[in-house]
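Asks: I have a structure here, written as structure tokens, and I will follow up with some questions on it.
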Amino acid sequence: MTVAYIQAYKDLIGQRIAEDDPGALAVDMLKAAAVHHGNFTGRWSEVLDRLCELPAETRKALCDALVDQYHSDQAGPDARDNALTLLGIVSRGLPDDPLAAERLTKLDELSRSQSVWHGSRHEVLAEAELAAGRPLAPAVVAVFRRAGLETYGSKPLADLAARLTAPVLNVGEEWAERAMRDGTGPDWQALLAHVTTATAAKPSAKWDRRALTLIDTLGADRVRETVLAWLALVGRPRTFPLERRTYEPDVNNAFDSYNANALRGLAWLLSLLPPHPDITRALGAVVETSLKKVAGLGPRCPKVANAGVVALARVDSEPALAELARLVTRVTYKNTVKLLDAALEARATALGLRREEIEELAVPAYGLTHVGRVEHRLGDVTAILEVHGTRALLSWRNAAGKEVRSVPAAVRRDHADELKELKAAAKDIDRMLSAQSERLDRQFLARRTWSYATWRERYLDHPLVGTLARRLLWTVDGTTAGYAGGALRTLSDTPVTGGDEVRLWHPVGHDPAEIVAWRDWLERHEITQPFKQAHREVYLLTDAERATATYSNRFAAHVLRQHQFHSLAAARGWRNKLRLSVDDSAPPAVRELPQWGLRAEYWIEGEGGEDYTDITDSGTFLRLRTDQVRFYPIDAPENSAHCAGGEYRMWLRDGADPVDPLPLTQIPPLVLSEVLRDVDLFVGVASIGNDPTWQDGGPGGRFQEYWTSYGFGELNQSAETRRLLLDRLIPRLAIADRCTLESRFLHVKGDRHTYKIHLGSGNILRTPNDQYLCIVPKSTPSAPQAGYLPYEGDRMLAVILSKAMLLADDTRITDPTILSQL
């Protein structure tokens with residue numbers, strides 16, 4: 001709005017006042033508000049100041065005219081909103097309270113919003129209510145508090161939010177409402193008010209001193225038990241939903257931004273209490289809950305997750321250190337990962353250890369007295385906590401030693417606290433087993449070695465880690481060994497009783513005959529590995545890659561779901577940036593390998609269609625197209641390309657020279673194999689080709705050719721491994737006489753038709769004419785009981801087996817969506 005325009009409005013106000021025509025002035029103001037789309041900020045505020053400077057009787061007449069306009073037949077919703085706002089501005093200090101009921105209705109409507117736009121000046125409605133001596137409804141307070149935090153440059157909103165001190169927390173979140181019900185006394189109110197002041201990244205000494213005083217007043221045990229009950233409710237659905245506009249993220253799954261400060265304060269508060277296992281569990285849960293993804297937003301609330309990490313780092317206890325070590329294997333959000341790394345590095349430095357040693361020493365035993373097992377005597381009953389695979393199971397035996405199926409009544413009655421702790425330990429073990437399995441799976445590229453004695457203590461004989469280590473293969477002074485029959489043994493079952501150096505075994509560099517022999521050994525001893533090791537895919541250099549010399553096209557020209565790829569990449573230690581449909585560039589997906597001095601790159605680009613419509617509401621590409629895999633020295637300048645595609649170029653700064661990609665023949669075979677295995681995983685999981693609902697080729701059918709070629713084409717390395725396993729597995733199945741493996745497919749003979757299940761994608765063709773059959777698997781399919789399996793974690797194997805079981809008995813299918821295709 002120009003200075004001349006502003007002056008014209010000021011002159012118009014003077015003219016209408018001189019004409020004694022407040023009705024015309026009201027119409028002019030509403031017209032101007034409509035022209036500026038209800039934006040009452042910027043230089044428009046000079047016009048509003050001119051109105052507020054008018055004499056009281058003139059403003060009273062203008063208010064009456066605005067009320068008339070509000071009720072006129074021509075007024076629409078926007079005009080009525082603008083009239084309410086102008087009334088709130090002009091009527092300040094006047095004795096009357098025009099349109100009070102209508103204002104309350106508008107405030108109630110606003111209370112169902114995530115925030116209010118500062119340009120609408122809706123805070124004047126709240127100010128008018130307060131001036132009339134009426135408190136604002138809690139939900140109205142909540143929306144203006146959020147707006148005060150989220151709207152930048154609006155002093156009126158921020159000033160109003162600062163004055164809204166009751167209720168102490170925002171309503172709408174179950175944990176906050178429980179806290180306000182529990183914390184009714186003045187001491188609890190003081191504590192809640194204090195935690196809302198946690199607006200910095202870390203607590204100050206002054207903040208801690210005040211918190212400790214409040215803790216002393218209430219009692220540390222009481223504070224711990226009460227606050228933990230609140231935190232157990234964090235992340236639950238809102239107690240009432242907020243309205244979501246189409247361009248907004250899913251606000252109902254996000255955290256309330258005002259309450260988030262209080263959550264940060266509660267995390268800090270817990271770290272000042274005496275260490276307790278329940279505190280550690282609660283802080284770890286808060287970190288993970290806060291980092292759950294929300295559509296259009298990303299992680300729910302990183303600042304609360306970061307506060308949880310800061311709090312854990314301040315707790316001086318082994319369980320807290322263990323939780324930090326567990327979280328570092330689970331968390332992928334970059335800033336939180338940095339905090340976790342810093343916390344573990346600091347602890348390692350303080351103890352004079354290397355980082356990887358801290359992660360090993362941090363794994364607790366959780367009370368296990370033997371590898372994977374502990375017994376507790378509770379009266380006449382024996383509780384047995386035992387690890388089976390990646391789960392901790394709790395079982396019971398009565399006084400006679402007979403197993404009972406449920407928790408005995410005497411235990412529930414007389415040993416409630418011990419029962420609670422046992423159940424908590426079982427959950428802790430489940431989480432830690434998953435984390436340790438992932439940590440071990442990453443050790444192939446870590447070049448980690450151990451002395452024999454250290455390895456036995458931290459791995460083979462560790463009460464928890466031993467349940468994983470005893471199902472893996474190791475090399476002791478160059479001799480491969482596995483654990484069976486109570487001892488470490490060679491391929492010929494000769495015991496290995498000592499040595500100097502231990503490494504985690506990898507199939508690269510071993511003869512195929514030896515690898516097959518170890519697979520047989522595992523099967524003979526019925527050992528199910530926690531992840532693929534003996535059956536791990538090996539990616540050797542191909543002739544095509546020797547021809548291209550510096551890059552691999554093995555996983556180029558695929559179409560991947562971007563967000564799924566992004567999550568997988570982070571979980572496997574790759575650094576990636578989401579591609580947005582904007583004029584910006586991004587580096588490739590990168591995995592840094594400092595132990596090898598290398599950096600692996602997977603080149604990708606956004607895929608949005610010709611008109612760039614295949615994007616989310618936040619402007620993120622739904623899909624990616626893939627290109628080359630390359631290797632560079634780890635300190636080489638970074639490559640980047642436009643998010644929507646184009647040539648990758650090296651970003652050179654400070655006169656740096658370009659660095660050529662390394663020839664693939666110079667990449668150590670282990671590194672090449674593991675990097676390509678990661679990329680194969682990304683394609684195998686995130687490709688649209690393994691989505692059974694995409695048989696029409698997706699938007700406009702433009703992916704039809706790709707979907708068909710991927711969904712029924714040649715098998716990748718992981719699918720070949722699956723084929724070898726099925727070849728041994730099928731004879732043990734109840735439907736063995738109906739199954740045949742041929743080339744890329746598992747053929748299943750049903751009573752209605754014969755079916756072909758692709759071993760890579762799980763897609764199905766049926767007779768006659770190879771007609772496509774769409775069966776959408778459950779999100780977490782469970783593999784049918786098939787006896788011994790050599791490794792865990794192959795979701796597609798579970799999908800293929802469950803489809804085979806279903807189709808072998810196709811006359812009993814009742815699902816109408818499947819029957820309609822048969």
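To be explicit about the labels: the chains of the structure tokens are called A, B, and onward in the order shown, and within each one the residues are counted from 1, while ligands get numbers from 1 in the order they are shown.
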Excluding segment 449-458 of chain A and its own-chain neighbours fewer than 2 positions away, which residues fall within 9 Å of it when counting only C-alpha atoms? Please give them as a PyMOL selection string.
Replies: chain A and resi 360-361+363+446-447+460-462+465-466+476+498-504
Asks: Keeping all heavy atoms, export the residues of the selection given above as a short mmCIF file (atom, residue, chain, number, x, y, z; two decimals), in the first residue's frame.
Replies:
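Heads up, here's the output in out_12.cif:
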data_model
loop_
_atom_site.label_atom_id
_atom_site.label_comp_id
_atom_site.auth_asym_id
_atom_site.auth_seq_id
_atom_site.Cartn_x
_atom_site.Cartn_y
_atom_site.Cartn_z
N GLU A 360 29.14 -50.52 23.00
CA GLU A 360 29.16 -51.92 23.42
C GLU A 360 28.96 -52.05 24.93
O GLU A 360 28.16 -52.87 25.40
CB GLU A 360 30.50 -52.56 23.03
CG GLU A 360 30.69 -52.70 21.53
CD GLU A 360 32.12 -53.07 21.16
OE1 GLU A 360 32.99 -53.12 22.05
OE2 GLU A 360 32.34 -53.31 19.96
N LEU A 361 29.66 -51.22 25.69
CA LEU A 361 29.58 -51.30 27.14
C LEU A 361 28.24 -50.80 27.67
O LEU A 361 27.86 -51.11 28.80
CB LEU A 361 30.72 -50.49 27.77
CG LEU A 361 32.13 -51.04 27.53
CD1 LEU A 361 33.17 -50.04 28.00
CD2 LEU A 361 32.30 -52.38 28.25
N VAL A 363 25.29 -51.59 26.71
CA VAL A 363 24.18 -52.54 26.62
C VAL A 363 23.99 -53.23 27.97
O VAL A 363 24.88 -53.96 28.43
CB VAL A 363 24.43 -53.60 25.53
CG1 VAL A 363 23.21 -54.51 25.39
CG2 VAL A 363 24.75 -52.93 24.20
N ALA A 446 32.41 -51.45 9.31
CA ALA A 446 33.08 -50.69 10.37
C ALA A 446 34.54 -51.08 10.56
O ALA A 446 35.27 -50.41 11.28
CB ALA A 446 32.32 -50.87 11.68
N ARG A 447 34.96 -52.19 9.94
CA ARG A 447 36.34 -52.68 10.06
C ARG A 447 36.71 -52.89 11.54
O ARG A 447 37.83 -52.65 11.96
CB ARG A 447 37.34 -51.72 9.41
CG ARG A 447 37.00 -51.33 8.00
CD ARG A 447 38.10 -50.53 7.34
NE ARG A 447 39.11 -51.40 6.72
CZ ARG A 447 40.07 -50.97 5.92
NH1 ARG A 447 40.17 -49.67 5.65
NH2 ARG A 447 40.94 -51.80 5.40
N LEU A 460 29.82 -62.64 22.82
CA LEU A 460 29.39 -64.03 22.89
C LEU A 460 28.77 -64.40 24.23
O LEU A 460 27.77 -65.12 24.27
CB LEU A 460 30.59 -64.96 22.60
CG LEU A 460 30.19 -66.37 22.15
CD1 LEU A 460 29.52 -66.33 20.78
CD2 LEU A 460 31.41 -67.28 22.12
N ASP A 461 29.32 -63.90 25.34
CA ASP A 461 28.83 -64.27 26.66
C ASP A 461 28.02 -63.18 27.32
O ASP A 461 27.64 -63.30 28.49
CB ASP A 461 30.01 -64.65 27.57
CG ASP A 461 30.77 -65.86 27.05
OD1 ASP A 461 30.13 -66.71 26.38
OD2 ASP A 461 31.99 -65.97 27.29
N HIS A 462 27.74 -62.10 26.61
CA HIS A 462 26.92 -61.04 27.18
C HIS A 462 25.48 -61.55 27.32
O HIS A 462 24.94 -62.14 26.38
CB HIS A 462 26.95 -59.80 26.29
CG HIS A 462 26.28 -58.60 26.89
ND1 HIS A 462 24.92 -58.43 26.88
CD2 HIS A 462 26.80 -57.52 27.55
CE1 HIS A 462 24.61 -57.29 27.47
NE2 HIS A 462 25.73 -56.73 27.89
N VAL A 465 23.36 -59.37 24.36
CA VAL A 465 23.95 -59.38 23.03
C VAL A 465 24.33 -60.79 22.62
O VAL A 465 24.32 -61.13 21.43
CB VAL A 465 25.19 -58.45 22.98
CG1 VAL A 465 25.79 -58.42 21.58
CG2 VAL A 465 24.82 -57.05 23.41
N GLY A 466 24.62 -61.64 23.60
CA GLY A 466 24.97 -63.02 23.28
C GLY A 466 23.87 -63.77 22.54
O GLY A 466 24.16 -64.69 21.76
N VAL A 476 37.99 -66.09 13.92
CA VAL A 476 38.96 -66.01 15.03
C VAL A 476 40.33 -66.34 14.45
O VAL A 476 40.57 -67.48 14.02
CB VAL A 476 38.58 -67.00 16.16
CG1 VAL A 476 39.59 -66.88 17.30
CG2 VAL A 476 37.16 -66.75 16.64
N GLY A 498 40.09 -70.34 21.90
CA GLY A 498 40.83 -69.11 22.13
C GLY A 498 41.37 -68.54 20.85
O GLY A 498 41.18 -69.09 19.75
N GLY A 499 42.06 -67.40 20.99
CA GLY A 499 42.64 -66.74 19.83
C GLY A 499 43.06 -65.34 20.18
O GLY A 499 43.03 -64.93 21.36
N ASP A 500 43.47 -64.59 19.19
CA ASP A 500 43.92 -63.21 19.42
C ASP A 500 42.92 -62.19 18.87
O ASP A 500 42.49 -61.30 19.60
CB ASP A 500 45.28 -63.00 18.76
CG ASP A 500 46.38 -63.81 19.44
OD1 ASP A 500 46.34 -63.91 20.69
OD2 ASP A 500 47.25 -64.35 18.73
N GLU A 501 42.55 -62.30 17.59
CA GLU A 501 41.74 -61.27 16.95
C GLU A 501 40.44 -61.87 16.41
O GLU A 501 40.44 -62.92 15.78
CB GLU A 501 42.52 -60.62 15.81
CG GLU A 501 41.77 -59.46 15.16
CD GLU A 501 42.55 -58.86 14.00
OE1 GLU A 501 42.48 -59.41 12.89
OE2 GLU A 501 43.23 -57.84 14.23
N VAL A 502 39.33 -61.16 16.65
CA VAL A 502 38.01 -61.62 16.20
C VAL A 502 37.41 -60.56 15.28
O VAL A 502 37.51 -59.36 15.54
CB VAL A 502 37.07 -61.88 17.39
CG1 VAL A 502 35.71 -62.37 16.90
CG2 VAL A 502 37.69 -62.88 18.36
N ARG A 503 36.79 -61.02 14.20
CA ARG A 503 36.07 -60.15 13.27
C ARG A 503 34.70 -60.76 12.98
O ARG A 503 34.50 -61.97 13.14
CB ARG A 503 36.81 -60.02 11.93
CG ARG A 503 38.15 -59.31 12.00
CD ARG A 503 38.83 -59.33 10.63
NE ARG A 503 40.12 -58.65 10.65
CZ ARG A 503 40.30 -57.37 10.37
NH1 ARG A 503 39.24 -56.63 10.01
NH2 ARG A 503 41.49 -56.82 10.41
N LEU A 504 33.78 -59.91 12.54
CA LEU A 504 32.48 -60.40 12.06
C LEU A 504 32.66 -60.94 10.65
O LEU A 504 33.21 -60.26 9.78
CB LEU A 504 31.45 -59.27 12.09
CG LEU A 504 30.00 -59.63 11.74
CD1 LEU A 504 29.44 -60.63 12.75
CD2 LEU A 504 29.13 -58.37 11.71
#
Asks: Tell me which protein, DNA and RNA residues are within 7 Å of segment 568-579 of chain A, counting only C-alpha atoms, leaving out same-chain ones fewer than 6 positions away, and put them as a list in words.
Replies: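 My list of contacting residues is Thr332, Ala586, Pro588, Ala589, Val590, Arg591, Gly606, Thr620, Phe621, Cys643 and Phe682 of chain A.
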Asks: Could you save the residues just selected, with N, CA, C and O atoms, as a PDB file, in the first residue's frame?
Replies:
ATOM      1  N   THR A 332      16.751 -41.223  13.015  1.00  0.00           N
ATOM      2  CA  THR A 332      17.310 -40.822  11.721  1.00  0.00           C
ATOM      3  C   THR A 332      17.238 -39.319  11.492  1.00  0.00           C
ATOM      4  O   THR A 332      17.828 -38.822  10.537  1.00  0.00           O
ATOM      5  N   ALA A 586      20.052 -30.140  -4.983  1.00  0.00           N
ATOM      6  CA  ALA A 586      20.275 -31.021  -3.832  1.00  0.00           C
ATOM      7  C   ALA A 586      21.396 -31.983  -4.169  1.00  0.00           C
ATOM      8  O   ALA A 586      21.593 -32.353  -5.334  1.00  0.00           O
ATOM      9  N   PRO A 588      23.285 -35.747  -4.093  1.00  0.00           N
ATOM     10  CA  PRO A 588      22.745 -37.110  -4.192  1.00  0.00           C
ATOM     11  C   PRO A 588      22.596 -37.713  -2.802  1.00  0.00           C
ATOM     12  O   PRO A 588      23.031 -37.126  -1.802  1.00  0.00           O
ATOM     13  N   ALA A 589      21.950 -38.861  -2.729  1.00  0.00           N
ATOM     14  CA  ALA A 589      21.969 -39.619  -1.477  1.00  0.00           C
ATOM     15  C   ALA A 589      23.392 -40.102  -1.248  1.00  0.00           C
ATOM     16  O   ALA A 589      24.024 -40.641  -2.155  1.00  0.00           O
ATOM     17  N   VAL A 590      23.906 -39.893  -0.040  1.00  0.00           N
ATOM     18  CA  VAL A 590      25.329 -40.126   0.234  1.00  0.00           C
ATOM     19  C   VAL A 590      25.494 -41.019   1.455  1.00  0.00           C
ATOM     20  O   VAL A 590      24.801 -40.848   2.464  1.00  0.00           O
ATOM     21  N   ARG A 591      26.394 -41.984   1.341  1.00  0.00           N
ATOM     22  CA  ARG A 591      26.835 -42.724   2.518  1.00  0.00           C
ATOM     23  C   ARG A 591      28.332 -42.515   2.678  1.00  0.00           C
ATOM     24  O   ARG A 591      29.121 -42.870   1.792  1.00  0.00           O
ATOM     25  N   GLY A 606      13.767 -35.754  -8.697  1.00  0.00           N
ATOM     26  CA  GLY A 606      12.325 -35.751  -8.475  1.00  0.00           C
ATOM     27  C   GLY A 606      11.571 -36.134  -9.737  1.00  0.00           C
ATOM     28  O   GLY A 606      11.979 -35.797 -10.851  1.00  0.00           O
ATOM     29  N   THR A 620       6.449 -31.525  -2.001  1.00  0.00           N
ATOM     30  CA  THR A 620       7.477 -32.553  -2.102  1.00  0.00           C
ATOM     31  C   THR A 620       7.107 -33.554  -3.193  1.00  0.00           C
ATOM     32  O   THR A 620       5.953 -33.983  -3.283  1.00  0.00           O
ATOM     33  N   PHE A 621       8.071 -33.932  -4.023  1.00  0.00           N
ATOM     34  CA  PHE A 621       7.814 -34.943  -5.044  1.00  0.00           C
ATOM     35  C   PHE A 621       7.382 -36.252  -4.372  1.00  0.00           C
ATOM     36  O   PHE A 621       7.990 -36.693  -3.394  1.00  0.00           O
ATOM     37  N   CYS A 643      16.618 -30.304  -8.220  1.00  0.00           N
ATOM     38  CA  CYS A 643      15.723 -31.291  -7.585  1.00  0.00           C
ATOM     39  C   CYS A 643      14.842 -32.012  -8.596  1.00  0.00           C
ATOM     40  O   CYS A 643      14.492 -33.180  -8.403  1.00  0.00           O
ATOM     41  N   PHE A 682      16.875 -50.327  -1.248  1.00  0.00           N
ATOM     42  CA  PHE A 682      16.053 -49.156  -1.523  1.00  0.00           C
ATOM     43  C   PHE A 682      15.099 -49.415  -2.684  1.00  0.00           C
ATOM     44  O   PHE A 682      13.902 -49.110  -2.616  1.00  0.00           O
TER      45      PHE A 682
END
Asks: Using DSSP on the backbone, list every residue of segment 162-377 of chain A that comes out as strand (DSSP E or B), and give them as a VMD selection string.
Replies: chain A and resid 293 to 294 298 to 299 370 373 to 377
Asks: Please write the residues from the selection above to a file, keeping N, CA and C atoms, as a compact mmCIF listing (two decimals), in the first residue's frame.
Replies:
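Result file again.txt:
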# COMPACT_ATOMS: atom_id res chain seq x y z
N LYS A 293 6.69 -39.29 12.05
CA LYS A 293 6.43 -38.40 10.93
C LYS A 293 4.95 -38.01 10.85
N VAL A 294 4.71 -36.75 10.47
CA VAL A 294 3.38 -36.21 10.24
C VAL A 294 3.31 -35.74 8.80
N GLY A 298 6.69 -33.52 8.61
CA GLY A 298 7.91 -34.21 8.97
C GLY A 298 7.81 -34.69 10.40
N PRO A 299 8.92 -34.73 11.15
CA PRO A 299 8.86 -35.17 12.54
C PRO A 299 7.89 -34.31 13.35
N HIS A 370 21.92 -65.54 32.71
CA HIS A 370 22.56 -66.37 31.70
C HIS A 370 22.29 -65.71 30.35
N ARG A 373 18.44 -65.55 29.46
CA ARG A 373 17.53 -66.22 30.40
C ARG A 373 17.78 -65.77 31.83
N VAL A 374 16.69 -65.67 32.59
CA VAL A 374 16.77 -65.46 34.03
C VAL A 374 15.51 -66.04 34.68
N GLU A 375 15.66 -66.55 35.88
CA GLU A 375 14.52 -67.05 36.66
C GLU A 375 14.38 -66.22 37.93
N HIS A 376 13.12 -65.92 38.28
CA HIS A 376 12.82 -65.19 39.50
C HIS A 376 11.83 -66.01 40.32
N ARG A 377 12.11 -66.15 41.59
CA ARG A 377 11.21 -66.86 42.49
C ARG A 377 10.30 -65.83 43.16
Asks: I'd like the interatomic distance between atom CA of Cys52 of chain A and atom CA of Ala142 of chain A, to a tenth of an Å.
Replies: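 Between atom CA of Cys52 of chain A and atom CA of Ala142 of chain A the gap works out to 28.5 Å.
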Asks: Can you pull out every residue within 10 Å of Thr197 of chain A, counting only C-alpha atoms, but drop anything in the same chain fewer than 4 positions away, and send it as a list in words?
Replies: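 Near neighbours after the sequence-gap exclusion: Leu192, Ala193, Pro203, Trp207, Tyr258, Asn261, Ala262, Arg264 and Gly265 of chain A.
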Asks: If we count only C-alpha atoms, what is near Leu729 of chain A at a cut-off of 12 Å, once residues fewer than 2 positions away on the same chain are taken out, given as a ChimeraX atom specification?
Replies: /A:523,722-727,731-736,739-741,746,784-790,797,801
Asks: May I have the residues from that selection written out with C-alpha atoms, as a PDB file, in the first residue's frame?
Replies:
ATOM      1  CA  GLU A 523      20.599 -75.502   9.091  1.00  0.00           C
ATOM      2  CA  ARG A 722      15.018 -65.779  -1.827  1.00  0.00           C
ATOM      3  CA  ARG A 723      14.720 -68.256  -4.680  1.00  0.00           C
ATOM      4  CA  LEU A 724      17.528 -70.410  -3.280  1.00  0.00           C
ATOM      5  CA  LEU A 725      15.853 -70.417   0.123  1.00  0.00           C
ATOM      6  CA  LEU A 726      12.443 -71.328  -1.297  1.00  0.00           C
ATOM      7  CA  ASP A 727      14.011 -74.194  -3.181  1.00  0.00           C
ATOM      8  CA  PRO A 731       9.420 -79.386   0.299  1.00  0.00           C
ATOM      9  CA  ARG A 732       8.643 -78.790   3.988  1.00  0.00           C
ATOM     10  CA  LEU A 733       5.398 -76.909   3.350  1.00  0.00           C
ATOM     11  CA  ALA A 734       1.970 -78.486   3.686  1.00  0.00           C
ATOM     12  CA  ILE A 735       1.264 -77.297   0.128  1.00  0.00           C
ATOM     13  CA  ALA A 736       4.517 -78.709  -1.300  1.00  0.00           C
ATOM     14  CA  CYS A 739       4.157 -75.684  -5.626  1.00  0.00           C
ATOM     15  CA  THR A 740       6.902 -75.584  -8.242  1.00  0.00           C
ATOM     16  CA  LEU A 741       9.791 -73.177  -8.676  1.00  0.00           C
ATOM     17  CA  LEU A 746       6.718 -69.756  -7.684  1.00  0.00           C
ATOM     18  CA  PRO A 784       3.101 -69.207   7.531  1.00  0.00           C
ATOM     19  CA  GLN A 785       4.714 -71.798   9.757  1.00  0.00           C
ATOM     20  CA  ALA A 786       7.288 -73.433   7.568  1.00  0.00           C
ATOM     21  CA  GLY A 787       9.651 -74.909  10.114  1.00  0.00           C
ATOM     22  CA  TYR A 788      13.237 -73.728  10.227  1.00  0.00           C
ATOM     23  CA  LEU A 789      14.202 -70.449   8.531  1.00  0.00           C
ATOM     24  CA  PRO A 790      17.897 -69.509   8.262  1.00  0.00           C
ATOM     25  CA  LEU A 797       9.317 -63.924   1.707  1.00  0.00           C
ATOM     26  CA  LEU A 801       4.420 -67.622   1.313  1.00  0.00           C
TER      27      LEU A 801
END
Asks: Using only C-alpha atoms, find the one residue out of A:Tyr755, A:Phe531, A:Trp230, A:Trp521 that sits nearest to Glu742 of chain A.
Replies: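 The shortest atom-to-atom distance to Glu742 of chain A comes from A:Tyr755.
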Asks: Given only C-alpha atoms, how would the per-residue table for segment 129-240 of chain A near segment 120-125 of chain A read, listing every residue at most 9 Å away with its closest atom pair and distance in Å to one decimal, sorted by chain and number, as CSV?
Replies:
residue,atom,partner,partner_atom,distance
A:Glu129,CA,A:Leu125,CA,6.5
A:Leu130,CA,A:Leu125,CA,8.8
A:Phe144,CA,A:Glu123,CA,7.5
A:Pro156,CA,A:Glu123,CA,7.3
A:Leu157,CA,A:Glu123,CA,6.2
A:Leu160,CA,A:Glu123,CA,7.2
Asks: Can I get the selection written as a short mmCIF file (atom, residue, chain, number, x, y, z; two decimals), in the first residue's frame, with C-alpha atoms?
Replies:
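result.cif, written as the output of this step:
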data_model
loop_
_atom_site.label_atom_id
_atom_site.label_comp_id
_atom_site.auth_asym_id
_atom_site.auth_seq_id
_atom_site.Cartn_x
_atom_site.Cartn_y
_atom_site.Cartn_z
CA GLU A 129 -13.74 -10.04 25.59
CA LEU A 130 -11.11 -9.42 28.23
CA PHE A 144 -3.89 -17.39 20.52
CA PRO A 156 -0.06 -7.46 19.33
CA LEU A 157 -0.42 -11.24 19.06
CA LEU A 160 -1.80 -10.95 24.06
#
Asks: Atom CA of Leu759 of chain A and atom CA of Val559 of chain A are how many Å apart?
Replies: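 Interatomic distance, atom CA of Leu759 of chain A to atom CA of Val559 of chain A: 19.1 Å.
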Asks: Pick the closest to Leu231 of chain A from A:Thr217, A:Ser640, A:Ser492, A:Thr289: which is it, counting only C-alpha atoms?
Replies: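 Closest to Leu231 of chain A of all the choices is A:Thr289.
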Asks: Find the distance between atom CA of Val371 of chain A and atom CA of Thr490 of chain A and write it in Å to one decimal.
Replies: 21.0 Å
Asks: Using only C-alpha atoms for the distances, tell me which of A:Gly619, A:Gly379, A:Pro98, A:Pro302 is nearest to Asp64 of chain A.
Replies: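 Closest to Asp64 of chain A, using only C-alpha atoms: A:Pro98.
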Asks: Which polymer residues have any atom within 12 Å of an atom of Ala600 of chain A, counting only C-alpha atoms, with same-chain residues fewer than 5 positions away left out, as a ChimeraX atom specification?
Replies: /A:550-552,573-576,587-594,628-636,638-639,661-662,664,667,671-676,678-679
Asks: Could you please take those selected residues and save C-alpha atoms as a PDB file, in the first residue's frame?
Replies:
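File result-v4.pdb, as written:
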ATOM      1  CA  THR A 550      33.589 -45.077 -12.710  1.00  0.00           C
ATOM      2  CA  TYR A 551      29.883 -45.673 -12.145  1.00  0.00           C
ATOM      3  CA  SER A 552      27.296 -48.426 -11.865  1.00  0.00           C
ATOM      4  CA  GLY A 573      23.202 -44.589   7.441  1.00  0.00           C
ATOM      5  CA  TRP A 574      22.762 -42.609   4.213  1.00  0.00           C
ATOM      6  CA  ARG A 575      22.385 -38.823   4.157  1.00  0.00           C
ATOM      7  CA  ASN A 576      19.609 -37.612   1.871  1.00  0.00           C
ATOM      8  CA  PRO A 587      23.183 -33.418  -3.395  1.00  0.00           C
ATOM      9  CA  PRO A 588      22.745 -37.110  -4.192  1.00  0.00           C
ATOM     10  CA  ALA A 589      21.969 -39.619  -1.477  1.00  0.00           C
ATOM     11  CA  VAL A 590      25.329 -40.126   0.234  1.00  0.00           C
ATOM     12  CA  ARG A 591      26.835 -42.724   2.518  1.00  0.00           C
ATOM     13  CA  GLU A 592      30.119 -41.676   4.073  1.00  0.00           C
ATOM     14  CA  LEU A 593      32.572 -44.448   4.904  1.00  0.00           C
ATOM     15  CA  PRO A 594      35.268 -42.811   7.055  1.00  0.00           C
ATOM     16  CA  GLN A 628      24.146 -43.929 -11.155  1.00  0.00           C
ATOM     17  CA  VAL A 629      26.053 -45.162  -8.110  1.00  0.00           C
ATOM     18  CA  ARG A 630      29.484 -43.552  -7.791  1.00  0.00           C
ATOM     19  CA  PHE A 631      32.371 -43.477  -5.317  1.00  0.00           C
ATOM     20  CA  TYR A 632      34.588 -40.505  -4.392  1.00  0.00           C
ATOM     21  CA  PRO A 633      37.275 -39.801  -1.808  1.00  0.00           C
ATOM     22  CA  ILE A 634      35.452 -38.824   1.369  1.00  0.00           C
ATOM     23  CA  ASP A 635      36.796 -35.250   1.274  1.00  0.00           C
ATOM     24  CA  ALA A 636      35.952 -34.614  -2.399  1.00  0.00           C
ATOM     25  CA  GLU A 638      30.025 -32.370  -3.109  1.00  0.00           C
ATOM     26  CA  ASN A 639      27.980 -32.965  -6.260  1.00  0.00           C
ATOM     27  CA  PRO A 661      34.990 -40.420  -9.367  1.00  0.00           C
ATOM     28  CA  LEU A 662      37.038 -43.437  -8.402  1.00  0.00           C
ATOM     29  CA  LEU A 664      35.028 -49.204  -9.448  1.00  0.00           C
ATOM     30  CA  ILE A 667      36.713 -49.988  -4.539  1.00  0.00           C
ATOM     31  CA  VAL A 671      32.538 -51.885   0.294  1.00  0.00           C
ATOM     32  CA  LEU A 672      31.168 -52.287  -3.227  1.00  0.00           C
ATOM     33  CA  SER A 673      29.010 -55.222  -2.185  1.00  0.00           C
ATOM     34  CA  GLU A 674      27.555 -53.567   0.926  1.00  0.00           C
ATOM     35  CA  VAL A 675      26.832 -50.251  -0.799  1.00  0.00           C
ATOM     36  CA  LEU A 676      25.129 -51.944  -3.745  1.00  0.00           C
ATOM     37  CA  ASP A 678      21.864 -50.988   0.360  1.00  0.00           C
ATOM     38  CA  VAL A 679      20.815 -49.568  -3.004  1.00  0.00           C
TER      39      VAL A 679
END
Asks: Smallest atom-to-atom distance to Glu243 of chain A: which of A:Ser257, A:Gln564, A:Gln114, A:Ser820, using only C-alpha atoms?
Replies: A:Gln114
Asks: Could you tell me, as an MDAnalysis selection string, which residues of segment 198-296 of chain A DSSP assigns to helix (DSSP H, G or I) when given the backbone?
Replies: chainID A and resid 205:218 220:231 251:253 257:271 277:290
